[in-house]
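Q: Provided herewith: run_31.cif, mmCIF, C-alpha atoms (C1' of nucleotides).
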data_final
loop_
_atom_site.label_atom_id
_atom_site.label_comp_id
_atom_site.auth_asym_id
_atom_site.auth_seq_id
_atom_site.Cartn_x
_atom_site.Cartn_y
_atom_site.Cartn_z
CA MET A 176 42.34 29.23 29.05
CA ASP A 177 44.93 26.60 29.44
CA LEU A 178 45.67 23.06 28.40
CA ARG A 179 45.08 22.02 31.97
CA HIS A 180 41.56 23.36 31.78
CA LEU A 181 40.87 21.29 28.72
CA SER A 182 42.38 18.14 30.19
CA THR A 183 40.24 18.56 33.26
CA PHE A 184 37.17 19.25 31.20
CA VAL A 185 37.64 16.11 29.14
CA ALA A 186 38.41 14.05 32.22
CA VAL A 187 35.24 15.13 33.97
CA ALA A 188 33.20 14.62 30.83
CA GLU A 189 34.53 11.13 30.37
CA GLU A 190 34.32 10.14 34.00
CA GLY A 191 30.98 11.77 34.58
CA SER A 192 32.21 12.74 37.99
CA PHE A 193 34.45 15.35 39.54
CA SER A 194 35.79 12.86 42.02
CA ARG A 195 36.75 10.30 39.42
CA ALA A 196 38.25 12.98 37.23
CA ALA A 197 40.27 14.19 40.18
CA ASP A 198 41.40 10.66 40.79
CA ARG A 199 42.39 10.19 37.18
CA LEU A 200 44.27 13.48 37.09
CA ARG A 201 45.85 12.80 40.47
CA ILE A 202 44.66 16.06 41.95
CA ALA A 203 42.14 17.03 44.59
CA GLN A 204 38.45 17.36 43.84
CA SER A 205 38.54 20.99 44.79
CA ALA A 206 41.12 21.64 42.09
CA VAL A 207 38.88 20.03 39.52
CA SER A 208 35.91 22.02 40.69
CA ARG A 209 37.76 25.30 40.46
CA THR A 210 39.33 24.50 37.13
CA ILE A 211 35.97 23.70 35.60
CA ARG A 212 34.44 26.78 37.12
CA ASP A 213 37.21 28.94 35.71
CA LEU A 214 36.89 27.35 32.31
CA GLU A 215 33.17 27.90 32.31
CA ARG A 216 33.68 31.52 33.20
CA ASP A 217 36.32 31.93 30.55
CA LEU A 218 34.20 30.40 27.84
CA GLY A 219 31.04 31.99 29.11
CA ARG A 220 29.31 28.65 28.90
CA GLN A 221 28.19 26.18 31.47
CA LEU A 222 29.85 22.90 30.60
CA PHE A 223 28.25 20.63 33.16
CA ASP A 224 24.88 20.38 34.74
CA ARG A 225 25.40 19.58 38.39
CA SER A 226 22.13 20.79 39.75
CA THR A 227 21.41 17.29 40.96
CA HIS A 228 23.82 14.86 42.46
CA HIS A 229 24.60 13.71 38.99
CA VAL A 230 27.09 15.44 36.71
CA ALA A 231 26.08 15.66 33.07
CA LEU A 232 27.37 17.56 30.07
CA THR A 233 25.26 20.48 29.01
CA GLN A 234 24.54 20.99 25.33
CA ALA A 235 27.43 23.44 25.16
CA GLY A 236 29.59 20.90 26.94
CA HIS A 237 28.75 18.32 24.35
CA GLU A 238 29.54 20.64 21.49
CA LEU A 239 32.82 21.79 22.98
CA LEU A 240 34.06 18.38 23.98
CA ASP A 241 35.24 17.56 20.49
CA SER A 242 37.04 20.85 20.14
CA ALA A 243 38.71 20.32 23.47
CA ARG A 244 39.87 16.88 22.46
CA ALA A 245 41.09 18.24 19.15
CA ALA A 246 43.17 20.88 20.89
CA LEU A 247 44.62 18.32 23.27
CA THR A 248 45.36 16.01 20.38
CA ALA A 249 47.04 18.82 18.47
CA VAL A 250 49.40 19.42 21.34
CA ASP A 251 50.06 15.74 21.65
CA THR A 252 50.80 15.63 17.95
CA LEU A 253 53.28 18.41 18.46
CA ARG A 254 55.06 16.39 21.09
CA VAL A 255 55.24 13.40 18.80
CA ALA A 256 56.47 15.58 15.97
CA ALA A 257 59.19 16.86 18.27
CA GLU A 258 60.37 13.31 18.72
CA ASP A 259 60.98 12.94 15.03
CA ALA A 260 62.01 16.45 14.14
CA GLY A 261 65.55 17.71 13.80
CA GLU A 262 68.27 16.63 16.18
CA CYS A 263 68.37 16.34 19.90
CA ILE A 264 69.66 19.45 21.63
CA ARG A 265 72.02 17.51 23.79
CA CYS A 266 73.02 14.85 21.28
CA PRO A 267 76.04 15.83 19.13
CA ARG A 268 75.59 12.69 17.10
CA ASP A 269 71.86 12.22 17.38
CA GLY A 270 71.92 8.70 16.12
CA GLN A 271 68.72 7.65 17.82
CA LYS A 272 65.51 8.91 16.27
CA LYS A 273 63.29 7.56 18.99
CA GLY A 274 63.82 4.76 21.41
CA THR A 275 67.12 3.73 19.97
CA GLU A 276 68.67 4.02 23.39
CA ASP A 277 69.33 0.53 24.67
CA THR A 278 67.28 -0.87 27.54
CA MET B 43 54.28 22.66 27.74
CA ASP B 44 51.74 25.35 27.61
CA LEU B 45 49.75 27.37 25.12
CA ARG B 46 51.84 30.34 26.08
CA HIS B 47 54.96 28.52 24.99
CA LEU B 48 53.46 27.85 21.61
CA SER B 49 52.25 31.39 21.13
CA THR B 50 55.69 32.66 21.95
CA PHE B 51 57.32 30.15 19.66
CA VAL B 52 55.14 31.12 16.73
CA ALA B 53 55.62 34.80 17.44
CA VAL B 54 59.40 34.52 17.42
CA ALA B 55 59.31 32.35 14.33
CA GLU B 56 57.17 34.84 12.48
CA GLU B 57 58.99 37.92 13.67
CA GLY B 58 62.42 36.42 13.32
CA SER B 59 63.38 38.24 16.45
CA PHE B 60 62.94 37.88 20.18
CA SER B 61 62.54 41.59 20.58
CA ARG B 62 59.82 41.93 18.00
CA ALA B 63 58.07 38.87 19.36
CA ALA B 64 58.20 40.38 22.83
CA ASP B 65 56.78 43.56 21.43
CA ARG B 66 53.99 41.73 19.68
CA LEU B 67 53.16 39.71 22.77
CA ARG B 68 53.42 42.75 24.98
CA ILE B 69 55.91 41.13 27.30
CA ALA B 70 59.60 41.67 28.04
CA GLN B 71 62.34 40.14 25.93
CA SER B 72 63.55 38.19 28.91
CA ALA B 73 60.20 36.49 29.18
CA VAL B 74 60.37 35.46 25.55
CA SER B 75 63.88 34.18 25.97
CA ARG B 76 62.98 32.09 28.99
CA THR B 77 59.81 30.78 27.46
CA ILE B 78 61.61 29.63 24.33
CA ARG B 79 64.37 28.11 26.40
CA ASP B 80 61.86 26.22 28.50
CA LEU B 81 60.00 25.02 25.45
CA GLU B 82 63.20 23.83 23.84
CA ARG B 83 64.08 21.95 26.99
CA ASP B 84 60.64 20.48 27.21
CA LEU B 85 60.61 19.29 23.62
CA GLY B 86 64.26 18.32 23.70
CA ARG B 87 64.79 20.21 20.49
CA GLN B 88 66.47 23.45 19.66
CA LEU B 89 63.88 25.55 17.90
CA PHE B 90 65.99 28.54 16.95
CA ASP B 91 69.54 29.04 15.86
CA ARG B 92 70.79 32.18 17.54
CA SER B 93 74.51 31.51 17.32
CA THR B 94 74.85 34.64 15.26
CA HIS B 95 73.04 37.90 15.76
CA HIS B 96 70.34 36.58 13.54
CA VAL B 97 67.53 34.35 14.80
CA ALA B 98 66.57 31.53 12.47
CA LEU B 99 64.40 28.47 12.80
CA THR B 100 66.27 25.21 13.05
CA GLN B 101 65.08 22.25 11.04
CA ALA B 102 63.17 21.02 14.05
CA GLY B 103 61.74 24.48 14.47
CA HIS B 104 60.48 24.43 10.94
CA GLU B 105 58.89 21.06 11.34
CA LEU B 106 57.22 21.93 14.61
CA LEU B 107 55.94 25.30 13.56
CA ASP B 108 52.97 23.83 11.73
CA SER B 109 52.05 21.65 14.67
CA ALA B 110 52.28 24.60 17.00
CA ARG B 111 50.03 26.65 14.79
CA ALA B 112 47.62 23.75 14.55
CA ALA B 113 47.41 23.47 18.32
CA LEU B 114 46.88 27.20 18.66
CA THR B 115 44.25 27.11 15.97
CA ALA B 116 42.50 24.23 17.67
CA VAL B 117 42.19 26.22 20.85
CA ASP B 118 40.99 29.21 18.91
CA THR B 119 38.43 27.00 17.25
CA LEU B 120 37.28 25.93 20.68
CA ARG B 121 36.74 29.52 21.66
CA VAL B 122 34.74 30.18 18.53
CA ALA B 123 32.73 27.04 19.11
CA ALA B 124 32.00 28.26 22.62
CA GLU B 125 30.48 31.37 21.11
CA ASP B 126 27.98 29.34 19.18
CA ALA B 127 27.45 26.49 21.59
CA GLY B 128 24.63 26.17 24.09
CA GLU B 129 23.41 29.12 26.05
CA CYS B 130 25.22 31.80 27.91
CA ILE B 131 25.76 31.05 31.58
CA ARG B 132 24.49 34.39 32.67
CA CYS B 133 21.79 34.81 30.07
CA PRO B 134 18.42 33.32 31.13
CA ARG B 135 17.00 34.08 27.72
CA ASP B 136 20.13 33.78 25.62
CA GLY B 137 18.65 35.56 22.65
CA GLN B 138 21.98 36.73 21.25
CA LYS B 139 24.08 34.09 19.57
CA LYS B 140 27.05 36.31 18.90
CA GLY B 141 27.32 40.02 18.37
CA THR B 142 23.62 40.59 18.79
CA GLU B 143 24.38 43.05 21.53
CA ASP B 144 23.96 46.51 20.12
CA THR B 145 27.00 48.63 19.50
"C1'" DA C 191 23.73 9.73 57.47
"C1'" DC C 192 26.57 9.29 53.39
"C1'" DC C 193 28.48 10.85 49.06
"C1'" DG C 194 29.76 14.44 46.13
"C1'" DA C 195 30.60 19.35 44.79
"C1'" DT C 196 31.95 23.96 46.35
"C1'" DT C 197 34.38 27.45 49.08
"C1'" DA C 198 38.04 29.20 52.41
"C1'" DC C 199 42.74 29.29 53.78
"C1'" DG C 200 47.63 28.74 53.67
"C1'" DA C 201 51.78 27.17 51.09
"C1'" DG C 202 54.46 26.30 47.03
"C1'" DT C 203 55.49 27.11 42.17
"C1'" DG C 204 55.94 29.72 38.12
"C1'" DG C 205 55.84 33.84 35.10
"C1'" DC C 206 56.84 38.59 34.39
"C1'" DG C 207 59.40 42.97 34.68
"C1'" DT C 208 63.58 45.50 35.63
"C1'" DA C 209 68.34 45.63 35.63
"C1'" DA C 210 72.84 43.88 34.66
"C1'" DT C 211 75.77 40.93 31.49
"C1'" DT C 212 77.55 39.09 27.18
"C1'" DA C 213 77.98 38.89 22.31
"C1'" DT C 214 77.58 40.43 17.57
"C1'" DT C 215 77.49 44.04 13.89
"C1'" DA D 58 78.72 52.04 20.41
"C1'" DA D 59 74.40 50.05 19.53
"C1'" DT D 60 71.30 46.32 19.23
"C1'" DA D 61 69.80 41.89 20.72
"C1'" DA D 62 69.69 37.74 23.68
"C1'" DT D 63 70.55 35.77 28.30
"C1'" DT D 64 70.73 35.62 33.36
"C1'" DA D 65 69.74 37.37 38.26
"C1'" DC D 66 66.51 39.20 41.53
"C1'" DG D 67 62.15 40.35 43.52
"C1'" DC D 68 57.14 40.57 43.14
"C1'" DC D 69 52.69 39.01 41.98
"C1'" DA D 70 49.34 35.69 40.32
"C1'" DC D 71 47.92 31.11 40.02
"C1'" DT D 72 47.35 26.36 41.50
"C1'" DC D 73 47.26 22.91 44.66
"C1'" DG D 74 46.00 20.43 49.02
"C1'" DT D 75 43.52 20.27 53.34
"C1'" DA D 76 39.58 21.32 55.86
"C1'" DA D 77 35.04 23.03 56.45
"C1'" DT D 78 30.33 23.84 54.27
"C1'" DC D 79 26.30 22.97 51.51
"C1'" DG D 80 23.17 20.00 48.86
"C1'" DG D 81 21.07 15.77 47.36
"C1'" DT D 82 20.00 10.80 47.70
#
Give the structure from this file in structure tokens form.
A:
Amino acid sequence: MDLRHLSTFVAVAEEGSFSRAADRLRIAQSAVSRTIRDLERDLGRQLFDRSTHHVALTQAGHELLDSARAALTAVDTLRVAAEDAGECIRCPRDGQKKGTEDT
Amino acid sequence: MDLRHLSTFVAVAEEGSFSRAADRLRIAQSAVSRTIRDLERDLGRQLFDRSTHHVALTQAGHELLDSARAALTAVDTLRVAAEDAGECIRCPRDGQKKGTEDT
DNA sequence: ACCGATTACGAGTGGCGTAATTATT
DNA sequence: AATAATTACGCCACTCGTAATCGGT
């Protein structure tokens, strides 16, 4: 599994469509389709019900959506924490903590 | 950033050594070195102080370690949730919820 | 017939391992 | 000299985009 899988999963779940998800993620529909398929295989659970023309979350999809978001959020939190933590690698002085750089 | 980066980061932090981390992760030292380097670049923070022969977490490293573990845990939680959620893709009956398969 | 998802194919990117290099104890 | 981290090189796997295919409304 990969963060990309989770992002794609959440995108499709929120958009309710592979096409829209692809559009949001700026990738091709085929990439979305494969990513979801791979994730489903990896988790051993069908995330979406696309038997009809309509894409809907399965029960498993529903249950996993929160976990997926949590994981994504955790990574995002890490990034934010990195902004505040320690000093900048390339900044001998490291005066700016975040956004102190002018304009 | 990637889950792999975080796993490597935590491994090095816990082992206190690139070599041991590589051993734990079953990959070459060079891979660990590059992964950490890439992660440091990505986060803009030096995670380890390896000026001497000894590898130690920097302040930023310390602060980010928890976040990294949290992200990893979140993903792990997702996997566990997948075990319990919905039905198995390939199991028409889906009698076993987890570990029901005999020996 | 149109819209949307899936599959096939080729190209580009990235990670890993091995080997060589540099530094520290 | 030995151990450990970094860099170079080549290979393999993975992902993406485009195009063709299949299915449903």
Q: Enumerate as a PDB file with C-alpha atoms (C1' of nucleotides), in the frame of the given file the residues belonging to chain C that approach chain A to within 12 Å, with all atoms listed in the file taken into account.
A:
ATOM      1  C1'  DC C 193      28.480  10.850  49.060  1.00  0.00           C
ATOM      2  C1'  DG C 194      29.760  14.440  46.130  1.00  0.00           C
ATOM      3  C1'  DA C 195      30.600  19.350  44.790  1.00  0.00           C
ATOM      4  C1'  DT C 196      31.950  23.960  46.350  1.00  0.00           C
ATOM      5  C1'  DT C 197      34.380  27.450  49.080  1.00  0.00           C
ATOM      6  C1'  DA C 198      38.040  29.200  52.410  1.00  0.00           C
TER       7       DA C 198
END
Q: Please build the interface table for chain A against chain D with a cut-off of 7 Å, listing for each qualifying residue the nearest atom pair and the distance in Å to one decimal; count only C-alpha atoms (C1' of nucleotides), order rows by chain and increasing number, and write it as JSON lines.
A:
{"residue": "A:Ala203", "atom": "CA", "partner": "D:DG74", "partner_atom": "C1'", "distance": 6.8}
{"residue": "A:Ala206", "atom": "CA", "partner": "D:DC73", "partner_atom": "C1'", "distance": 6.8}
{"residue": "A:Thr227", "atom": "CA", "partner": "D:DG81", "partner_atom": "C1'", "distance": 6.6}
{"residue": "A:His228", "atom": "CA", "partner": "D:DG81", "partner_atom": "C1'", "distance": 5.7}
Q: Using all atoms listed in the file, I'd like a table of the residues in chain A that come within 9 Å of chain B; for each, show the closest atom pair and its distance in Å rounded to one decimal, ordered by chain and ascending number, as CSV.
A:
residue,atom,partner,partner_atom,distance
A:Met176,CA,B:Leu45,CA,8.6
A:Asp177,CA,B:Leu45,CA,6.5
A:Leu178,CA,B:Asp44,CA,6.5
A:Arg179,CA,B:Asp44,CA,8.6
A:Glu215,CA,B:Ile131,CA,8.1
A:Arg216,CA,B:Ile131,CA,8.1
A:Leu218,CA,B:Ala124,CA,6.1
A:Gly219,CA,B:Ile131,CA,5.9
A:Arg220,CA,B:Ile131,CA,5.1
A:Gln221,CA,B:Ile131,CA,5.4
A:Leu222,CA,B:Gly128,CA,9.0
A:Thr233,CA,B:Gly128,CA,7.5
A:Gln234,CA,B:Gly128,CA,5.3
A:Ala235,CA,B:Gly128,CA,4.1
A:Gly236,CA,B:Gly128,CA,7.8
A:His237,CA,B:Ala127,CA,8.7
A:Glu238,CA,B:Ala127,CA,6.2
A:Leu239,CA,B:Leu120,CA,6.5
A:Leu240,CA,B:Leu120,CA,8.8
A:Asp241,CA,B:Leu120,CA,8.6
A:Ser242,CA,B:Leu120,CA,5.1
A:Ala243,CA,B:Leu120,CA,6.4
A:Ala245,CA,B:Ala116,CA,6.3
A:Ala246,CA,B:Ala116,CA,4.7
A:Leu247,CA,B:Ala113,CA,7.7
A:Thr248,CA,B:Ala113,CA,8.0
A:Ala249,CA,B:Ala113,CA,4.7
A:Val250,CA,B:Ala113,CA,5.4
A:Asp251,CA,B:Ala113,CA,8.8
A:Thr252,CA,B:Ser109,CA,7.0
A:Leu253,CA,B:Ser109,CA,5.1
A:Arg254,CA,B:Leu85,CA,6.8
A:Ala256,CA,B:Leu106,CA,6.5
A:Ala257,CA,B:Leu85,CA,6.0
A:Glu258,CA,B:Leu85,CA,7.7
A:Asp259,CA,B:Ala102,CA,8.4
A:Ala260,CA,B:Ala102,CA,4.7
A:Gly261,CA,B:Ala102,CA,4.1
A:Glu262,CA,B:Arg87,CA,6.6
A:Cys263,CA,B:Arg87,CA,5.3
A:Ile264,CA,B:Arg87,CA,5.1
A:Arg265,CA,B:Gly86,CA,7.8
Q: Quote the spacing between atom CA of Ala196 of chain A and atom CA of Phe184 of chain A in Å to one decimal place.
A: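 A separation of 8.8 Å between them.
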Q: Could you work out how far atom CA of Thr210 of chain A lies from atom C1' of DG202 of chain C, giving the answer in Å with one decimal?
A: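 For atom C1' of DG202 of chain C relative to atom CA of Thr210 of chain A, the distance reads 18.2 Å.
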Q: Report, to one decimal in Å, the C-alpha RMSD of chain A against chain B after an in-order least-squares superposition over all those atoms.
A: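 The fitted C-alpha deviation between chain B and chain A is 0.2 Å.
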Q: As an exercise, work out the distance from atom CA of Phe223 of chain A to atom CA of Val185 of chain A in Å and give it to one decimal place.
A: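 About the pair atom CA of Phe223 of chain A and atom CA of Val185 of chain A: they are 11.2 Å apart.
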Q: Mind completing segment 60-71 of chain B with N, CA, C and O atoms? Output as a PDB file, in the coordinates of the input, please?
A:
ATOM      1  N   PHE B  60      63.503  37.979  18.832  1.00  0.00           N
ATOM      2  CA  PHE B  60      62.940  37.880  20.180  1.00  0.00           C
ATOM      3  C   PHE B  60      62.330  39.208  20.588  1.00  0.00           C
ATOM      4  O   PHE B  60      61.279  39.260  21.229  1.00  0.00           O
ATOM      5  N   SER B  61      63.001  40.250  20.199  1.00  0.00           N
ATOM      6  CA  SER B  61      62.540  41.590  20.580  1.00  0.00           C
ATOM      7  C   SER B  61      61.179  41.893  19.967  1.00  0.00           C
ATOM      8  O   SER B  61      60.261  42.342  20.644  1.00  0.00           O
ATOM      9  N   ARG B  62      61.087  41.638  18.675  1.00  0.00           N
ATOM     10  CA  ARG B  62      59.820  41.930  18.000  1.00  0.00           C
ATOM     11  C   ARG B  62      58.716  41.032  18.529  1.00  0.00           C
ATOM     12  O   ARG B  62      57.568  41.461  18.677  1.00  0.00           O
ATOM     13  N   ALA B  63      59.065  39.798  18.807  1.00  0.00           N
ATOM     14  CA  ALA B  63      58.070  38.870  19.360  1.00  0.00           C
ATOM     15  C   ALA B  63      57.593  39.392  20.713  1.00  0.00           C
ATOM     16  O   ALA B  63      56.401  39.394  20.999  1.00  0.00           O
ATOM     17  N   ALA B  64      58.543  39.838  21.508  1.00  0.00           N
ATOM     18  CA  ALA B  64      58.200  40.380  22.830  1.00  0.00           C
ATOM     19  C   ALA B  64      57.277  41.581  22.663  1.00  0.00           C
ATOM     20  O   ALA B  64      56.302  41.742  23.399  1.00  0.00           O
ATOM     21  N   ASP B  65      57.585  42.379  21.680  1.00  0.00           N
ATOM     22  CA  ASP B  65      56.780  43.560  21.430  1.00  0.00           C
ATOM     23  C   ASP B  65      55.368  43.167  21.005  1.00  0.00           C
ATOM     24  O   ASP B  65      54.379  43.740  21.448  1.00  0.00           O
ATOM     25  N   ARG B  66      55.301  42.180  20.150  1.00  0.00           N
ATOM     26  CA  ARG B  66      53.990  41.730  19.680  1.00  0.00           C
ATOM     27  C   ARG B  66      53.168  41.144  20.816  1.00  0.00           C
ATOM     28  O   ARG B  66      51.963  41.378  20.924  1.00  0.00           O
ATOM     29  N   LEU B  67      53.843  40.379  21.666  1.00  0.00           N
ATOM     30  CA  LEU B  67      53.160  39.710  22.770  1.00  0.00           C
ATOM     31  C   LEU B  67      52.952  40.619  23.977  1.00  0.00           C
ATOM     32  O   LEU B  67      52.316  40.232  24.952  1.00  0.00           O
ATOM     33  N   ARG B  68      53.540  41.788  23.883  1.00  0.00           N
ATOM     34  CA  ARG B  68      53.420  42.750  24.980  1.00  0.00           C
ATOM     35  C   ARG B  68      54.057  42.241  26.259  1.00  0.00           C
ATOM     36  O   ARG B  68      53.503  42.403  27.360  1.00  0.00           O
ATOM     37  N   ILE B  69      55.171  41.572  26.123  1.00  0.00           N
ATOM     38  CA  ILE B  69      55.910  41.130  27.300  1.00  0.00           C
ATOM     39  C   ILE B  69      57.378  41.481  27.099  1.00  0.00           C
ATOM     40  O   ILE B  69      57.774  41.911  26.013  1.00  0.00           O
ATOM     41  N   ALA B  70      58.179  41.302  28.122  1.00  0.00           N
ATOM     42  CA  ALA B  70      59.600  41.670  28.040  1.00  0.00           C
ATOM     43  C   ALA B  70      60.382  40.632  27.235  1.00  0.00           C
ATOM     44  O   ALA B  70      59.964  39.481  27.098  1.00  0.00           O
ATOM     45  N   GLN B  71      61.498  41.056  26.708  1.00  0.00           N
ATOM     46  CA  GLN B  71      62.340  40.140  25.930  1.00  0.00           C
ATOM     47  C   GLN B  71      62.774  38.961  26.782  1.00  0.00           C
ATOM     48  O   GLN B  71      62.864  37.832  26.315  1.00  0.00           O
TER      49      GLN B  71
END
